[in-house]
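Q: Compact mmCIF, C-alpha atoms, saved as upload.txt, coming up:
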# COMPACT_ATOMS: atom_id res chain seq x y z
CA MET D 934 15.77 51.32 120.50
CA LYS D 935 12.59 53.40 120.80
CA LYS D 936 11.37 55.32 123.82
CA THR D 937 7.70 56.23 124.07
CA THR D 938 8.16 59.38 126.11
CA LEU D 939 10.86 60.70 123.79
CA VAL D 940 8.70 60.03 120.75
CA LEU D 941 5.78 61.94 122.30
CA ALA D 942 7.98 64.84 123.35
CA ALA D 943 9.53 65.10 119.90
CA LEU D 944 6.17 65.03 118.12
CA ILE D 945 4.55 67.62 120.40
CA ALA D 946 7.58 69.89 120.62
CA GLY D 947 7.89 69.80 116.85
CA ALA D 948 4.88 72.11 116.75
CA SER D 949 5.82 74.19 119.77
CA LEU D 950 9.02 75.72 121.11
CA PRO D 951 12.52 74.82 119.96
CA ALA D 952 14.88 73.54 122.64
CA ALA D 953 18.42 74.83 122.92
CA ALA D 954 20.88 73.60 120.30
CA PRO D 955 21.70 69.93 121.05
CA THR D 956 25.09 68.87 122.27
CA PRO D 957 26.84 66.42 119.89
CA VAL D 958 26.08 62.78 120.69
CA ALA D 959 29.74 62.14 121.44
CA ALA D 960 29.61 64.54 124.35
CA ARG D 961 26.53 62.75 125.77
CA VAL D 962 26.02 65.19 128.64
CA ARG D 963 23.84 68.11 127.60
CA TYR D 964 23.31 71.33 129.53
CA SER D 965 20.41 73.60 128.68
CA GLY D 966 18.03 76.12 130.15
CA HIS D 967 15.29 78.59 129.47
CA VAL D 968 13.51 81.57 131.01
CA GLN D 969 9.77 82.09 130.51
CA VAL D 970 7.69 85.14 131.43
CA GLY D 971 4.04 85.72 130.64
CA ILE D 972 0.90 87.68 131.37
CA THR D 973 -2.79 86.83 131.05
CA GLY D 974 -5.21 89.69 130.52
CA ASN D 975 -8.70 89.04 131.88
CA PHE D 976 -11.22 91.42 130.33
CA ALA D 977 -13.52 91.18 133.38
CA SER D 978 -10.75 92.32 135.80
CA PRO D 979 -11.98 90.13 138.70
CA ASP D 980 -11.54 91.58 142.18
CA ASP D 981 -9.77 88.42 143.41
CA ARG D 982 -7.28 88.72 140.50
CA GLN D 983 -7.71 85.03 139.73
CA ASN D 984 -8.38 83.23 136.46
CA PHE D 985 -10.54 80.35 137.64
CA GLY D 986 -9.52 76.88 136.50
CA ARG D 987 -5.99 77.94 135.60
CA LEU D 988 -2.79 77.05 137.41
CA PHE D 989 0.39 78.23 135.66
CA ASP D 990 -1.49 81.28 134.30
CA ASP D 991 -3.73 81.79 137.31
CA ARG D 992 -3.09 85.49 137.97
CA ALA D 993 -5.32 87.98 136.13
CA ASN D 994 -3.61 91.03 134.62
CA GLU D 995 -0.36 90.34 136.44
CA PRO D 996 3.01 89.49 134.85
CA LEU D 997 4.62 86.24 136.01
CA LEU D 998 8.11 84.80 135.94
CA ASN D 999 6.80 81.33 135.23
CA GLN D 1000 9.99 79.36 134.79
CA PHE D 1001 13.72 79.69 135.06
CA VAL D 1002 14.88 76.17 134.28
CA LEU D 1003 18.32 74.57 134.24
CA THR D 1004 18.79 71.01 133.00
CA ALA D 1005 21.71 68.59 132.96
CA GLU D 1006 21.08 65.35 131.12
CA ARG D 1007 22.96 62.35 129.81
CA ALA D 1008 20.36 60.79 127.53
CA LEU D 1009 20.33 57.10 126.78
CA ASP D 1010 21.78 56.30 123.37
CA PRO D 1011 18.81 55.45 121.12
CA ALA D 1012 21.08 53.15 119.09
CA ALA D 1013 22.54 51.27 122.06
CA THR D 1014 22.61 47.49 121.74
CA GLY D 1015 24.36 46.86 125.08
CA PHE D 1016 24.14 48.29 128.57
CA ASP D 1017 23.90 52.08 128.75
CA TRP D 1018 23.22 54.61 131.47
CA GLY D 1019 22.12 58.19 131.75
CA PHE D 1020 20.56 60.71 134.09
CA LYS D 1021 18.42 63.80 134.19
CA LEU D 1022 18.51 66.62 136.72
CA GLN D 1023 16.17 69.54 136.16
CA GLY D 1024 15.60 72.44 138.53
CA LEU D 1025 12.95 75.14 138.23
CA TYR D 1026 12.49 78.53 139.90
CA GLY D 1027 9.37 80.56 139.30
CA SER D 1028 5.66 80.92 139.91
CA ASP D 1029 4.86 77.54 138.29
CA ALA D 1030 6.60 75.76 141.17
CA ARG D 1031 3.62 76.57 143.44
CA PHE D 1032 1.65 73.75 141.83
CA ILE D 1033 4.21 71.02 141.09
CA HIS D 1034 5.92 70.44 144.44
CA SER D 1035 6.12 66.84 145.60
CA LEU D 1036 5.68 65.86 149.23
CA GLY D 1037 8.96 65.90 151.13
CA LEU D 1038 11.04 67.84 148.59
CA LEU D 1039 11.08 71.64 148.90
CA ASP D 1040 7.35 71.44 149.64
CA ARG D 1041 7.56 74.00 152.45
CA THR D 1042 9.27 76.72 150.39
CA THR D 1043 5.81 77.95 149.53
CA ALA D 1044 5.37 81.36 151.16
CA ARG D 1045 6.26 83.48 148.11
CA ILE D 1046 4.92 83.41 144.58
CA LEU D 1047 8.39 82.59 143.19
CA GLN D 1048 9.53 79.22 144.47
CA PRO D 1049 12.21 76.60 143.74
CA ASP D 1050 11.53 73.00 142.78
CA ILE D 1051 13.39 69.95 141.50
CA VAL D 1052 11.29 68.78 138.56
CA GLU D 1053 13.30 65.64 137.81
CA ALA D 1054 16.19 63.83 139.45
CA CYS D 1055 16.51 60.34 138.05
CA LEU D 1056 18.94 57.66 136.89
CA ASN D 1057 18.21 55.95 133.56
CA LEU D 1058 19.46 52.49 132.61
CA HIS D 1059 19.21 50.56 129.37
CA LEU D 1060 19.30 46.78 129.75
CA PRO D 1061 19.81 44.61 126.66
CA VAL D 1062 17.26 41.78 126.81
CA SER D 1063 17.27 39.37 123.89
CA ALA D 1064 13.60 38.47 124.29
CA THR D 1065 12.64 42.04 123.33
CA ALA D 1066 13.14 44.02 120.15
CA GLY D 1067 14.86 46.94 121.85
CA GLY D 1068 15.68 45.95 125.42
CA ILE D 1069 14.34 47.51 128.61
CA ASP D 1070 14.83 51.04 129.93
CA VAL D 1071 14.60 51.57 133.69
CA LYS D 1072 14.06 54.96 135.34
CA VAL D 1073 14.77 55.34 139.07
CA GLY D 1074 14.15 58.49 141.11
CA LYS D 1075 11.83 61.48 140.64
CA PHE D 1076 10.37 61.91 137.17
CA VAL D 1077 7.45 63.58 135.40
CA THR D 1078 4.31 61.62 134.66
CA LEU D 1079 3.72 59.67 131.46
CA GLU D 1080 0.18 61.03 131.22
CA GLY D 1081 -1.27 63.73 129.02
CA ALA D 1082 -0.32 65.77 125.96
CA GLU D 1083 1.04 68.75 127.93
CA VAL D 1084 4.09 68.91 130.19
CA ILE D 1085 5.63 71.03 132.95
CA ASP D 1086 8.61 72.12 130.85
CA ASN D 1087 7.28 75.09 128.90
CA THR D 1088 9.34 74.34 125.78
CA GLY D 1089 7.36 71.13 125.22
CA ASN D 1090 3.96 72.82 124.95
CA ILE D 1091 1.97 74.46 122.19
CA PHE D 1092 0.19 77.11 124.31
CA TYR D 1093 0.96 79.24 127.35
CA SER D 1094 -2.27 78.21 129.11
CA HIS D 1095 -3.06 74.60 129.99
CA THR D 1096 -6.11 72.37 129.72
CA TYR D 1097 -8.39 71.42 132.60
CA SER D 1098 -7.24 67.83 132.20
CA PHE D 1099 -3.59 68.85 132.62
CA ASN D 1100 -4.36 71.02 135.64
CA PHE D 1101 -6.76 68.68 137.43
CA GLY D 1102 -6.97 65.29 135.71
CA ILE D 1103 -3.41 63.93 135.69
CA PRO D 1104 -0.41 63.85 138.06
CA PHE D 1105 2.56 66.18 137.65
CA ASN D 1106 5.32 63.90 138.94
CA HIS D 1107 6.16 60.64 140.69
CA SER D 1108 9.00 59.08 142.65
CA GLY D 1109 9.77 55.41 142.22
CA VAL D 1110 10.82 52.94 139.54
CA LEU D 1111 9.48 52.78 135.99
CA ALA D 1112 10.41 50.22 133.33
CA THR D 1113 9.79 50.60 129.60
CA ILE D 1114 9.91 47.34 127.66
CA HIS D 1115 10.54 47.89 123.95
CA ALA D 1116 8.63 44.73 123.09
CA THR D 1117 8.51 45.17 119.31
CA GLY D 1118 9.31 47.87 116.80
CA ASN D 1119 5.78 49.23 117.29
CA LEU D 1120 4.97 48.46 120.93
CA ASP D 1121 6.31 49.74 124.24
CA VAL D 1122 5.02 48.35 127.54
CA MET D 1123 5.52 50.60 130.60
CA ALA D 1124 5.09 49.49 134.22
CA GLY D 1125 6.37 50.76 137.55
CA VAL D 1126 5.79 51.43 141.22
CA THR D 1127 5.59 54.96 142.64
CA ARG D 1128 4.90 56.56 146.00
CA GLY D 1129 1.82 58.20 144.48
CA VAL D 1130 0.73 61.45 142.85
CA ASN D 1131 3.16 64.33 143.41
CA THR D 1132 5.10 62.56 146.18
CA SER D 1133 8.82 62.05 146.70
CA LEU D 1134 10.59 61.78 150.08
CA LYS D 1135 7.25 61.66 151.88
CA ASP D 1136 3.83 60.19 151.16
CA ASN D 1137 0.47 61.21 152.60
CA ASN D 1138 -0.39 57.54 153.21
CA ASP D 1139 1.49 54.25 153.56
CA ARG D 1140 0.75 52.51 150.26
CA PRO D 1141 2.51 52.55 146.87
CA ALA D 1142 0.82 53.08 143.51
CA PHE D 1143 1.08 51.67 139.98
CA HIS D 1144 2.07 53.70 136.94
CA GLY D 1145 2.31 52.37 133.39
CA GLY D 1146 0.73 51.98 130.01
CA LEU D 1147 1.14 51.01 126.38
CA GLY D 1148 2.79 52.92 123.55
CA PHE D 1149 1.89 52.13 119.94
CA LEU D 1150 4.60 53.65 117.75
CA ASN D 1151 5.20 54.33 114.07
CA LEU D 1152 1.68 53.47 112.98
CA ALA D 1153 0.22 54.57 109.63
CA GLY D 1154 3.61 54.70 107.96
CA GLY D 1155 5.27 56.44 110.88
CA ARG D 1156 2.73 59.30 111.07
CA LEU D 1157 0.69 58.09 114.08
CA THR D 1158 1.63 57.48 117.72
CA VAL D 1159 -0.89 56.40 120.37
CA VAL D 1160 -0.06 56.16 124.08
CA ALA D 1161 -2.47 54.91 126.76
CA THR D 1162 -1.36 55.47 130.37
CA THR D 1163 -2.71 54.97 133.88
CA HIS D 1164 -1.82 55.66 137.48
CA PHE D 1165 -3.78 54.20 140.39
CA GLY D 1166 -3.30 53.91 144.12
CA PRO D 1167 -4.44 55.52 147.38
CA GLU D 1168 -3.96 59.31 147.29
CA THR D 1169 -6.10 60.63 150.14
CA PRO D 1170 -4.08 61.76 153.19
CA GLY D 1171 -4.13 59.06 155.88
CA ASP D 1172 -6.23 56.62 153.80
CA ASN D 1173 -4.55 53.45 152.51
CA ARG D 1174 -7.64 51.73 151.08
CA ARG D 1175 -9.55 54.03 148.74
CA TYR D 1176 -7.89 54.46 145.33
CA ARG D 1177 -7.70 57.29 142.85
CA TYR D 1178 -7.54 56.28 139.17
CA LEU D 1179 -5.98 58.69 136.67
CA ASN D 1180 -6.01 57.73 132.99
CA ALA D 1181 -5.04 59.33 129.69
CA LEU D 1182 -4.95 58.40 126.03
CA VAL D 1183 -2.95 60.59 123.63
CA ALA D 1184 -2.95 60.16 119.85
CA ILE D 1185 -0.62 62.30 117.71
CA CYS D 1186 -1.02 62.22 113.93
CA ARG D 1187 1.17 64.03 111.39
CA ILE D 1188 -1.48 64.60 108.75
CA ASN D 1189 1.10 66.14 106.44
CA ASP D 1190 4.36 68.05 106.76
CA GLN D 1191 2.51 71.18 107.93
CA LEU D 1192 -0.56 69.94 109.82
CA THR D 1193 -0.51 67.91 113.06
CA SER D 1194 -3.47 66.65 115.07
CA THR D 1195 -3.23 65.73 118.77
CA SER D 1196 -6.12 64.17 120.69
CA ASP D 1197 -5.97 63.90 124.50
CA LEU D 1198 -8.65 61.90 126.36
CA ASN D 1199 -8.77 61.93 130.16
CA TYR D 1200 -10.64 60.08 132.92
CA ILE D 1201 -10.14 60.38 136.69
CA TYR D 1202 -12.07 58.73 139.53
CA ASP D 1203 -11.64 58.95 143.30
CA ASP D 1204 -13.02 56.08 145.40
CA LEU D 1205 -13.43 58.04 148.64
CA ALA D 1206 -15.20 61.05 147.14
CA ARG D 1207 -16.91 58.96 144.45
CA ALA D 1208 -15.93 61.78 142.12
CA LYS D 1209 -15.48 61.58 138.35
CA GLY D 1210 -13.70 63.89 135.95
CA TYR D 1211 -13.43 63.23 132.23
CA GLY D 1212 -13.03 64.96 128.91
CA TRP D 1213 -11.35 65.43 125.56
CA ALA D 1214 -8.93 68.06 124.28
CA GLN D 1215 -8.23 68.38 120.57
CA TYR D 1216 -5.25 70.27 119.13
CA PHE D 1217 -4.32 71.26 115.60
CA THR D 1218 -1.05 72.94 114.65
CA TYR D 1219 -0.19 74.29 111.23
CA ALA D 1220 3.31 75.35 110.22
CA VAL D 1221 2.70 78.57 108.32
CA SER D 1222 6.43 79.04 107.79
CA ALA D 1223 9.72 78.06 109.38
CA ALA D 1224 9.19 80.85 111.92
CA VAL D 1225 5.42 80.78 112.58
CA THR D 1226 3.11 77.97 113.69
CA ALA D 1227 -0.62 78.56 114.12
CA SER D 1228 -2.39 76.56 116.83
CA PHE D 1229 -5.93 75.66 117.84
CA ARG D 1230 -7.18 73.79 120.92
CA GLY D 1231 -10.70 72.87 121.93
CA GLU D 1232 -11.60 71.11 125.17
CA ILE D 1233 -14.63 69.76 127.00
CA TRP D 1234 -13.97 68.56 130.55
CA ARG D 1235 -16.60 67.42 133.04
CA ASP D 1236 -16.01 67.79 136.80
CA GLN D 1237 -19.06 65.71 137.61
CA ASN D 1238 -18.99 66.16 141.38
CA GLY D 1239 -17.21 69.51 141.71
CA PHE D 1240 -14.23 67.76 143.31
CA TYR D 1241 -11.28 68.68 141.09
CA ALA D 1242 -11.36 72.08 139.36
CA ALA D 1243 -10.50 75.06 141.55
CA GLN D 1244 -8.50 78.25 141.96
CA PHE D 1245 -5.92 78.71 144.72
CA GLY D 1246 -5.65 82.16 146.23
CA ASN D 1247 -2.79 81.38 148.62
CA ASN D 1248 0.62 80.16 147.51
CA THR D 1249 0.60 77.43 150.18
CA ASP D 1250 -2.91 76.00 149.71
CA VAL D 1251 -2.03 73.37 147.09
CA MET D 1252 0.61 71.73 149.28
CA ARG D 1253 -1.59 71.97 152.36
CA PHE D 1254 -4.35 70.04 150.60
CA LEU D 1255 -1.81 67.45 149.46
CA ARG D 1256 -0.34 66.98 152.94
CA GLY D 1257 -3.73 66.82 154.65
CA GLY D 1258 -4.59 67.96 158.14
CA ALA D 1259 -6.65 70.88 159.38
CA PHE D 1260 -6.04 74.35 157.97
CA THR D 1261 -8.04 77.35 156.85
CA PRO D 1262 -7.70 77.96 153.11
CA ASP D 1263 -7.55 81.41 151.59
CA PRO D 1264 -11.07 82.82 150.93
CA ARG D 1265 -10.09 83.09 147.26
CA THR D 1266 -9.43 79.33 147.14
CA VAL D 1267 -12.73 78.05 145.77
CA GLY D 1268 -14.10 75.24 143.63
CA GLY D 1269 -16.35 75.51 140.63
CA GLY D 1270 -19.06 73.06 141.61
CA ALA D 1271 -20.37 70.29 139.38
CA THR D 1272 -19.49 71.86 136.03
CA THR D 1273 -18.91 70.89 132.43
CA TYR D 1274 -16.15 73.19 131.17
CA GLY D 1275 -15.67 74.18 127.56
CA ALA D 1276 -12.62 76.04 126.31
CA LEU D 1277 -11.43 77.27 122.91
CA THR D 1278 -7.89 78.59 122.43
CA VAL D 1279 -6.32 80.12 119.31
CA GLY D 1280 -2.68 81.13 119.22
CA ALA D 1281 0.65 81.11 117.46
CA THR D 1282 4.28 80.27 118.10
CA VAL D 1283 6.66 82.87 116.66
CA LYS D 1284 10.39 82.19 116.49
CA THR D 1285 11.89 85.66 116.39
CA GLY D 1286 15.43 84.65 115.53
CA LEU D 1287 16.71 86.88 118.35
CA ALA D 1288 18.91 84.94 120.78
CA GLY D 1289 16.53 81.98 121.00
CA LEU D 1290 13.50 84.18 121.75
CA VAL D 1291 10.08 82.63 121.10
CA VAL D 1292 6.81 84.52 121.61
CA ARG D 1293 3.35 82.92 121.91
CA PRO D 1294 0.19 85.07 121.86
CA GLU D 1295 -3.16 83.39 122.50
CA VAL D 1296 -6.84 84.21 122.90
CA ARG D 1297 -8.92 81.86 125.06
CA TRP D 1298 -12.63 81.58 125.79
CA ASP D 1299 -13.80 79.47 128.75
CA ALA D 1300 -17.42 78.68 129.55
CA SER D 1301 -19.59 76.64 131.84
CA LEU D 1302 -21.78 74.48 129.62
CA ASN D 1303 -24.33 73.62 132.32
CA GLY D 1304 -25.26 76.99 133.83
CA THR D 1305 -22.84 77.28 136.76
CA ARG D 1306 -20.83 80.47 137.42
CA PRO D 1307 -17.27 79.55 138.39
CA PHE D 1308 -15.45 82.46 136.71
CA ASN D 1309 -14.57 86.04 137.68
CA ASP D 1310 -15.24 86.16 141.44
CA SER D 1311 -17.67 83.22 141.01
CA GLN D 1312 -20.05 85.58 139.20
CA ASP D 1313 -19.80 84.61 135.52
CA GLY D 1314 -20.51 81.57 133.39
CA ARG D 1315 -17.79 82.49 130.89
CA MET D 1316 -14.34 84.08 130.81
CA LEU D 1317 -12.39 85.70 127.97
CA THR D 1318 -8.62 86.08 128.30
CA PHE D 1319 -5.75 87.23 126.13
CA ALA D 1320 -2.25 86.05 127.00
CA VAL D 1321 1.28 86.28 125.71
CA ASP D 1322 4.45 84.65 126.95
CA ALA D 1323 8.08 84.90 125.89
CA THR D 1324 10.75 82.23 126.27
CA ILE D 1325 14.50 82.49 125.81
CA SER D 1326 16.26 79.13 125.50
CA PHE D 1327 19.97 78.66 125.89
Any chance you could put this one into structure tokens?
A:
Amino acid sequence: MKKTTLVLAALIAGASLPAAAPTPVAARVRYSGHVQVGITGNFASPDDRQNFGRLFDDRANEPLLNQFVLTAERALDPAATGFDWGFKLQGLYGSDARFIHSLGLLDRTTARILQPDIVEACLNLHLPVSATAGGIDVKVGKFVTLEGAEVIDNTGNIFYSHTYSFNFGIPFNHSGVLATIHATGNLDVMAGVTRGVNTSLKDNNDRPAFHGGLGFLNLAGGRLTVVATTHFGPETPGDNRRYRYLNALVAICRINDQLTSTSDLNYIYDDLARAKGYGWAQYFTYAVSAAVTASFRGEIWRDQNGFYAAQFGNNTDVMRFLRGGAFTPDPRTVGGGATTYGALTVGATVKTGLAGLVVRPEVRWDASLNGTRPFNDSQDGRMLTFAVDATISF
């Protein structure tokens, strides 16, 4: 039995951070956790202390406790031929929670920079169906999105900073029901109904949304995986008719035992605003040794109507925009206008061998490719940052 999301996570994490030592399969329930801290140095030292276009690393020259995560999980048995069940419960405390809250669940614990959130709380079922090669998996509850090459859980990423498409072009989480049909040994079909983008116990309108896609597995002799995903439904507060379409295509290729290529294409469109966002991020990772992996990422992302990319100066502004209604945003909460963003990031993952400690330095260059000035107090057309984060997994 194959699971598209697990295959993607394993391939990406293989070139990023190691998770805690796995619990033996016989035990089934696995407990793990990690603590991540980081800092992003901005050479321009902007007065607003914001790195425009960033979320999890938004603060300039300020250390952050990004994530303190605890996870309890009973994973589905990948070899199961009959009925099986599992669950996942993951809680997060830290500065990253400011951006990933879902409506109705801890979404008003937003006054301070360090906040709690429940990232996932879901029941997983495996149903043996003879008409399929591997049965059907059903996920019920709150779960992270299928879209994109990067994830909320820091240990599944290559870099400390995130792409524009991760920050502004895909959802973070959903609440609902999602089925994965393991149709053949090389094809997964995913389809489900959610309450929308970043919603849980509440929605900002009265209509559900669709989430799903196709996973093409074990291509090119097992070296290539391609996953195409979509989410569409009404997302504007109080509007049940106009849809927002969020789409991603991720292709991961193990070129050889040391070199891995990941391509992430993104397209988003909002009916009400008639706003498009689209782009491509390309990653390469190279295993220099068992302890060091070198990484490169290049991205071009177009916010055609200046609707998506922004910085948020107040800890509550993200959730206020999601809920809707009248409010006065922080003066430091600004958009970047109609801009084509380019970004180049070079970094490394270093496994120190000290109590599960992993360190990731990176240098990143961001630029407007069409003459706008979104960076550094809305004064510059480019931004140079140096960042480092440290993660202890247990």
Q: So what do you get for atom CA of D:Leu1205 versus atom CA of D:Thr1169, distance-wise?
A: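 Separation of atom CA of D:Leu1205 and atom CA of D:Thr1169: 7.9 Å.
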Q: Considering all atoms listed in the file, return as a list in words whatever protein or nucleic-acid residues lie within 9 Å of D:Leu988, sequence-local ones (same chain, fewer than 4 positions apart) excluded.
A: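 Selected residues are Asn984, Arg992, Asp1029, Arg1031, Phe1032, Ser1094, His1095, Asn1100, Ala1243, Gln1244 and Phe1245 of chain D.
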Q: Enter the distance from atom CA of D:Pro1294 to atom CA of D:Val1002, in Å, rounded to one decimal.
A: 21.2 Å
Q: Out of D:Ile1051, D:Ile1233, D:Ala1142, D:Ile1185, which residue has the shortest atom-to-atom distance to D:Ser1301 when counting all atoms listed in the file?
A: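 When distances to D:Ser1301 are compared using all atoms listed in the file, the smallest one comes from D:Ile1233.
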Q: I'd like the interatomic distance between atom CA of D:Gly1286 and atom CA of D:Phe1229, to a tenth of an Å.
A: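 Separation of atom CA of D:Gly1286 and atom CA of D:Phe1229: 23.3 Å.
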Q: For a cut-off of 12 Å around (-20.0, 81.3, 129.8), file coordinates, pick out all residues using all atoms listed in the file and list them as a ChimeraX atom specification.
A: /D:1272-1277,1298-1309,1311-1317
Q: Skipping near chain neighbours, those fewer than 5 positions away, what residues fall within 9 Å of D:Gly1037 using only C-alpha atoms, listed as a compact mmCIF listing (two decimals) with C-alpha atoms, in the coordinates of the input?
A:
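result_22.txt written:
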# COMPACT_ATOMS: atom_id res chain seq x y z
CA THR D 1132 5.10 62.56 146.18
CA SER D 1133 8.82 62.05 146.70
CA LEU D 1134 10.59 61.78 150.08
CA LYS D 1135 7.25 61.66 151.88
CA ASP D 1136 3.83 60.19 151.16
Q: Which residue, D:Ala1259, D:Ala1082, D:Val1160, D:Val1052, has the smallest gap to D:Gln1215 when you use all atoms listed in the file?
A: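 Looking only at the distances to D:Gln1215, the closest residue turns out to be D:Ala1082.
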Q: Using all atoms listed in the file, list the residues that have an atom at most 10 Å from (16.9, 45.8, 127.0), coordinates as in the file, as a list in words.
A: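 Protein and nucleic acid residues near the point are Met934, Ala1013, Thr1014, Gly1015, Phe1016, Asp1017, Leu1058, His1059, Leu1060, Pro1061, Val1062, Ser1063, Ala1064, Thr1065, Ala1066, Gly1067, Gly1068, Ile1069, Asp1070, Val1071, Thr1113, Ile1114, His1115 and Ala1116 of chain D.
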Q: With C-alpha atoms retained, export the selected residues as a PDB file, in the coordinates of the input.
A:
ATOM      1  CA  MET D 934      15.770  51.320 120.500  1.00  0.00           C
ATOM      2  CA  ALA D1013      22.540  51.270 122.060  1.00  0.00           C
ATOM      3  CA  THR D1014      22.610  47.490 121.740  1.00  0.00           C
ATOM      4  CA  GLY D1015      24.360  46.860 125.080  1.00  0.00           C
ATOM      5  CA  PHE D1016      24.140  48.290 128.570  1.00  0.00           C
ATOM      6  CA  ASP D1017      23.900  52.080 128.750  1.00  0.00           C
ATOM      7  CA  LEU D1058      19.460  52.490 132.610  1.00  0.00           C
ATOM      8  CA  HIS D1059      19.210  50.560 129.370  1.00  0.00           C
ATOM      9  CA  LEU D1060      19.300  46.780 129.750  1.00  0.00           C
ATOM     10  CA  PRO D1061      19.810  44.610 126.660  1.00  0.00           C
ATOM     11  CA  VAL D1062      17.260  41.780 126.810  1.00  0.00           C
ATOM     12  CA  SER D1063      17.270  39.370 123.890  1.00  0.00           C
ATOM     13  CA  ALA D1064      13.600  38.470 124.290  1.00  0.00           C
ATOM     14  CA  THR D1065      12.640  42.040 123.330  1.00  0.00           C
ATOM     15  CA  ALA D1066      13.140  44.020 120.150  1.00  0.00           C
ATOM     16  CA  GLY D1067      14.860  46.940 121.850  1.00  0.00           C
ATOM     17  CA  GLY D1068      15.680  45.950 125.420  1.00  0.00           C
ATOM     18  CA  ILE D1069      14.340  47.510 128.610  1.00  0.00           C
ATOM     19  CA  ASP D1070      14.830  51.040 129.930  1.00  0.00           C
ATOM     20  CA  VAL D1071      14.600  51.570 133.690  1.00  0.00           C
ATOM     21  CA  THR D1113       9.790  50.600 129.600  1.00  0.00           C
ATOM     22  CA  ILE D1114       9.910  47.340 127.660  1.00  0.00           C
ATOM     23  CA  HIS D1115      10.540  47.890 123.950  1.00  0.00           C
ATOM     24  CA  ALA D1116       8.630  44.730 123.090  1.00  0.00           C
TER      25      ALA D1116
END
Q: Of the candidates D:Asn1057, D:Ser1222, D:Thr1043, D:Ser1228, which shows the shortest atom-to-atom distance to D:Leu1009, using all atoms listed in the file?
A: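 With all atoms listed in the file as the atom set, the closest residue is D:Asn1057.
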Q: For D:Lys1209, list every protein, DNA or RNA residue within 10 Å, evaluated using all atoms listed in the file, and leave out those in the same chain fewer than 2 positions away; present the list as JSON, numbers by chain.
A: {"D": [1102, 1177, 1178, 1200, 1201, 1202, 1203, 1204, 1206, 1207, 1211, 1235, 1236, 1237, 1238, 1239, 1240, 1241]}
Q: Near D:Lys1021, within 7 Å and counting only C-alpha atoms, which residues show up once chain neighbours fewer than 5 positions away are dropped, as a list in words?
A: Ala1005, Glu1006, Arg1007, Glu1053, Ala1054, Cys1055 and Leu1056 of chain D
Q: Any idea what's packed within 9 Å of D:His1144, counting all atoms listed in the file, ignoring anything in its chain fewer than 5 positions away? Could you give it as a list in words?
A: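 The residues that qualify are Thr1078, Leu1079, His1107, Leu1111, Met1123, Ala1124, Gly1125, Val1126, Thr1127, Gly1129, Thr1162, Thr1163, His1164, Phe1165 and Gly1166 of chain D.
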Q: How about saving the chosen residues, C-alpha atoms kept, as a PDB file, in the frame of the given file?
A:
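Saved file out_17.pdb follows:
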ATOM      1  CA  THR D1078       4.310  61.620 134.660  1.00  0.00           C
ATOM      2  CA  LEU D1079       3.720  59.670 131.460  1.00  0.00           C
ATOM      3  CA  HIS D1107       6.160  60.640 140.690  1.00  0.00           C
ATOM      4  CA  LEU D1111       9.480  52.780 135.990  1.00  0.00           C
ATOM      5  CA  MET D1123       5.520  50.600 130.600  1.00  0.00           C
ATOM      6  CA  ALA D1124       5.090  49.490 134.220  1.00  0.00           C
ATOM      7  CA  GLY D1125       6.370  50.760 137.550  1.00  0.00           C
ATOM      8  CA  VAL D1126       5.790  51.430 141.220  1.00  0.00           C
ATOM      9  CA  THR D1127       5.590  54.960 142.640  1.00  0.00           C
ATOM     10  CA  GLY D1129       1.820  58.200 144.480  1.00  0.00           C
ATOM     11  CA  THR D1162      -1.360  55.470 130.370  1.00  0.00           C
ATOM     12  CA  THR D1163      -2.710  54.970 133.880  1.00  0.00           C
ATOM     13  CA  HIS D1164      -1.820  55.660 137.480  1.00  0.00           C
ATOM     14  CA  PHE D1165      -3.780  54.200 140.390  1.00  0.00           C
ATOM     15  CA  GLY D1166      -3.300  53.910 144.120  1.00  0.00           C
TER      16      GLY D1166
END
Q: With distances taken over all atoms listed in the file, which residue among D:Phe1105, D:Tyr1026, D:Tyr1176, D:Phe1143 lies nearest D:Phe1001?
A: D:Tyr1026
Q: What box, with edges along x, y and z, holds each listed atom of stretch 1197-1215 of chain D when 4 Å is added on every side, and can you state its centre and edge lengths in Å to one decimal, as JSON?
A:
{"center_x": -11.4, "center_y": 62.2, "center_z": 134.6, "size_x": 18.9, "size_y": 20.3, "size_z": 36.1}
Q: Taking all atoms listed in the file into account, name the residue in D:Pro1262, D:Ala1223, D:Gly1268, D:Ser1194 that is nearest to D:Lys1284.
A: D:Ala1223
Q: Pick out the closest residue to D:Arg1265 from this set: D:Gln983, D:Thr1193, D:Ser965, D:Ser1108. Count only C-alpha atoms.
A: D:Gln983
Q: Would you mind putting N, CA and C atoms back on stretch 1046-1050 of chain D and writing the result as a PDB file, keeping the file's coordinate frame?
A:
ATOM      1  N   ILE D1046       5.423  83.839 145.880  1.00  0.00           N
ATOM      2  CA  ILE D1046       4.920  83.410 144.580  1.00  0.00           C
ATOM      3  C   ILE D1046       6.015  82.764 143.739  1.00  0.00           C
ATOM      4  N   LEU D1047       7.268  83.205 143.890  1.00  0.00           N
ATOM      5  CA  LEU D1047       8.390  82.590 143.190  1.00  0.00           C
ATOM      6  C   LEU D1047       9.036  81.569 144.110  1.00  0.00           C
ATOM      7  N   GLN D1048       9.080  80.329 143.645  1.00  0.00           N
ATOM      8  CA  GLN D1048       9.530  79.220 144.470  1.00  0.00           C
ATOM      9  C   GLN D1048      10.480  78.311 143.700  1.00  0.00           C
ATOM     10  N   PRO D1049      11.354  77.572 144.399  1.00  0.00           N
ATOM     11  CA  PRO D1049      12.210  76.600 143.740  1.00  0.00           C
ATOM     12  C   PRO D1049      11.573  75.209 143.740  1.00  0.00           C
ATOM     13  N   ASP D1050      11.958  74.396 142.786  1.00  0.00           N
ATOM     14  CA  ASP D1050      11.530  73.000 142.780  1.00  0.00           C
ATOM     15  C   ASP D1050      12.511  72.175 141.957  1.00  0.00           C
TER      16      ASP D1050
END
